[in-house]
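The structure under discussion appears below in the form of structure tokens.
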Number of protein chains: 2
Amino acid sequence: MPPIDPDTLKRYREAVLADFPRSREQLARLVAIPSISAQKRALPEAAAEVRRLLEEEGFKTEEYTAGSAPVVVAEMGEGAQTVLFYNHYDVQPPEPLDLWQSDPFVLTERDGAMYARGAIDDKGHLISRLAALRAVKAVRGKIPHRILFVVEGEEEIGSPSIGNFVRDHAARLKCDACIWEFGTVDIHDRPLIYGGMKGVVCLDLVARTVDRDLHSMYGAVVPNAATRLSQALTSMMDAECTVTIEGFRDGIRALTPEDNAALDALGDDSIPMRKNHNIQRMLGGLTGREYMKRLIFEPVLNVNGISSGYSGEGSKTVLPAEARAKLDIRLVPDQDPARIAPLMRAHLEKHGFHDVEVQVIEDGGTPARTDLSNPFVRRCIEMARVAYGKEPSVWPIVPGSGPMSSFIEYLKVPVSTFGIGWEGGRVHSPNENFRIQDYLDGVLHGALVMDGGW
Amino acid sequence: MPPIDPDTLKRYREAVLADFPRSREQLARLVAIPSISAQKRALPEAAAEVRRLLEEEGFKTEEYTAGSAPVVVAEMGEGAQTVLFYNHYDVQPPEPLDLWQSDPFVLTERDGAMYARGAIDDKGHLISRLAALRAVKAVRGKIPHRILFVVEGEEEIGSPSIGNFVRDHAARLKCDACIWEFGTVDIHDRPLIYGGMKGVVCLDLVARTVDRDLHSMYGAVVPNAATRLSQALTSMMDAECTVTIEGFRDGIRALTPEDNAALDALGDDSIPMRKNHNIQRMLGGLTGREYMKRLIFEPVLNVNGISSGYSGEGSKTVLPAEARAKLDIRLVPDQDPARIAPLMRAHLEKHGFHDVEVQVIEDGGTPARTDLSNPFVRRCIEMARVAYGKEPSVWPIVPGSGPMSSFIEYLKVPVSTFGIGWEGGRVHSPNENFRIQDYLDGVLHGALVMDGGW
């Protein structure tokens, strides 16, 4: 691995800084398109804009259809090695809108940060990849690799189509390494590199107890859908929210010595998390290594929302006929996502919840891992040391999810991760933002990774 | 008690039928006003319309202010005995609007029934009282009693002000009997007379676990507000939804021999309830006498609604920071409503739910009972036999709630009940309606009660 000499590093820093207005202009165009995959909004428009952006950089682009949204594939340059970038142009819904301090679809600078829905996840990352490639061209004249992009529009609904797309186009997408869509500095502002992702299954639990809402006086004798749903949810976890559904933990890999060593090297994120988010007590009362272990290696049953009956002002004495909980269930290697809904149905049946139904929204999110000893991954870690001037934080698995498993399975390449996020970035929440300095560091890191081979 | 001779009864029936267009015209005017007390909407406008309606019948009216809405008091006629009618002009919110088959604020006839928000509860009842008085005048030339009306506008938010109003105006409201705002035929179409009401306390339970919504990947370690709320709710009840909060059952009166006899005389409502409402299984799997006993004599913790996080289409992988459940808790004599919130707080504290708060919406709904052997009540029962030609269904306590306890405590009079409702009347739900025949029967019953003394 060639070291970066100080002069070249200086030229990279200057190139990245000088290029920021271009990133800003490109990102403003992209966040202005409300491409919300959960609502199938403006997805072709966003794909078209992604193609324009890539073509401005010299890429040849193609558009495919996969599921409910176009997939953009782009190619540029040549070299002994091919690097594939995976990104997505869809975003989460911006609600609740009243908590945004500026329009979620207008890129807005405040206090050294840039705000918009998608600022980090993932439009900001896509633009930061282009900026990194521009920096290599500016400093070296050309990029020493062949570059591919795959940009999809269903990531925020669990990427139901990209797995089959990668399988079906494996020859077209043949590459030597993949750079994942998302990265971040950790809660201690160290660059974070991760070696895998949790899987995710999205389900709705729906309780229906009676044909229609009744006067609440019948609550003495008629089952209440909201109560039944609460009871069903509670039955699936212990008091500290560890999932207790029979068979749920089948297949979970035991921690390896490398996993334990990685855990030993991590800091205690629980202290800044509690402080930054005003949390009384973490689940299980955990801190330190046990906290990090649960965050990284444990599966989770998470309630995204519950809706039932009356939620307006004052009181309405009604017995709701229906209640719905939206869940995401995060899985760790090698839990099988396809087994989760059947296990949950069996649990409900066994515990007498005949009035609670499981509706699968998406159950294809397989957990994934890459070997941290791979040379490409080691280059990413080494260049993080150079770009940030500090030791990176290496996580065996990141608690988030994505379709990484398909890339590993069908393309048989190492996947690495880095980027522009931070713990206060409010991803999936109102006031999503990146800090401009994190953006510049992330672009520099990307440029250094692309500067040579491995 | 003078019997009603067949000729007089016939004249009453004819008078009631002939008067129906007038009821319809009056009710259409009243339901057109969206007087939703939970939203403080159009309450003065509805009070003004109530005064106009009463003045058209010859009443002198006055308007007082109590809490957030006017109270209308009206007086007419003279006699050895004074009968006070208690009614209310406020209604429940009409939501969900998409389930209404006609505009909730336009009185609409369909298949022998009249539909509108307030058709039964309580605008239809108010108009049916006026129709009964008109029938007595039509048949007898005059009403043999002095009549008072008290019509309030906060009943649907738990009547927070009427108790003090009755206490402060006890001399003005002095009377010999009170006719309550609401009545119904039972599920077997027998006229229902009840001797008391449950109390009600309305509370919000609010779970807050973190300063703002987070990406759901943190669900492994950060408490989820929706999950915590579900756990808190579940902890307050056993599997069959009997409340298990320590001290909650303190003060519940043991059943008397009369209570048991009344239970013995009732039918099994569980069979038609299950059939009419497509209910798989009643709470506790109860039927028959045990079902009726739970319905009438048991307190209830009812969830009116839950709201938390994302409830839109598809998925949004968010960890909600806040979750809210709206509850009504129905109490039986002699549970003390003021003790419920403190008991619930103690329960949450004891079970570690430091992140769940109790917000009192209304806690003044005291349970109430009247002696069924009282002569006025006996007249109401006897006249139900005459009007409906069948044996009435006498319930020691109705499962619904209202401020009856204040009338009993401050005016020291028997309270009796009858009216125009039916089991399919969808009170508090979309498509609230009364059957026209039930309306005519209820008006006839009221007229016969008012036809003489006791």
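Scheme for the structure tokens: letters A, B, ... for chains in order shown; per-chain residue numbers from 1; ligand numbers from 1 in order shown.
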
Using DSSP on the backbone coordinates, identify all residues within range 142-389 of chain A classified as strand (DSSP E); present the result as a count of residues only. 65

Just want the 6 Å neighbourhood of range 110-119 of chain B, counted on only C-alpha atoms, with same-chain residues fewer than 3 positions away dropped. Output as a PyMOL selection string. chain B and resi 91+104-105+107+122-124+432-436

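We find CA of Pro223 in chain B and CA of Phe248 in chain B to be spaced 28.1 Å apart.
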
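Taking only C-alpha atoms into account, chain B lies nearest to A:Gly314 out of the set A:Gly421, A:Gly314, A:Pro403, A:Pro333.
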
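Here the question is which of B:His277, B:Lys390, B:His145, B:Arg385 gets nearest to Tyr218 in chain A using only C-alpha atoms, and that residue is B:His277.
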
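Closest approach to chain A from the set B:Leu99, B:Ile306, B:Leu30, B:Ile179 is made by B:Ile306, with distances taken over only C-alpha atoms.
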
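Once Tyr310 in chain A and its same-chain neighbours fewer than 4 positions away are set aside, A:Ser315, A:Lys316, A:Thr317, A:Val318, A:Pro320, B:Glu95, B:Pro96, B:Asn304, B:Gly305, B:Ile306, B:Ser307, B:Lys326 remain within 9 Å of it when counting only C-alpha atoms.
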
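Residues with any atom within 6 Å of range 228-241 of chain A, counting only C-alpha atoms and excluding same-chain neighbours fewer than 2 positions away, are A:Ala207, A:Ala225, A:Ala226, A:Val243, A:Thr244, A:Ile245, A:Leu283, A:Gly284, B:Ser230, B:Gln231, B:Thr234.
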
Saved selection, atoms kept: C-alpha atoms, as a compact mmCIF listing (two decimals), in the first residue's frame:
# COMPACT_ATOMS: atom_id res chain seq x y z
CA ALA A 207 -55.39 -6.44 15.94
CA ALA A 225 -58.01 -3.83 19.79
CA ALA A 226 -55.46 -1.37 21.23
CA VAL A 243 -37.16 -10.89 21.91
CA THR A 244 -38.54 -14.08 23.46
CA ILE A 245 -40.38 -15.51 20.42
CA LEU A 283 -32.18 -1.10 27.91
CA GLY A 284 -30.90 -3.57 30.47
CA SER B 230 -47.47 -1.13 25.56
CA GLN B 231 -45.63 -2.68 28.47
CA THR B 234 -50.18 -4.49 29.80

What lies within 8 Å of Phe297 in chain B using only C-alpha atoms, ignoring chain neighbours under 4 positions off, as a PyMOL selection string? chain B and resi 293+332+397+399

Residues as selected, C-alpha atoms, written as a tab-separated table (two decimals), in the first residue's frame, can you do that?
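Everything below was put into again_37.tsv:
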chain	number	residue	atom	x	y	z
B	293	LYS	CA	-72.46	-9.19	35.75
B	332	VAL	CA	-68.63	1.34	39.86
B	397	ILE	CA	-76.26	0.20	36.76
B	399	PRO	CA	-72.27	0.60	31.83
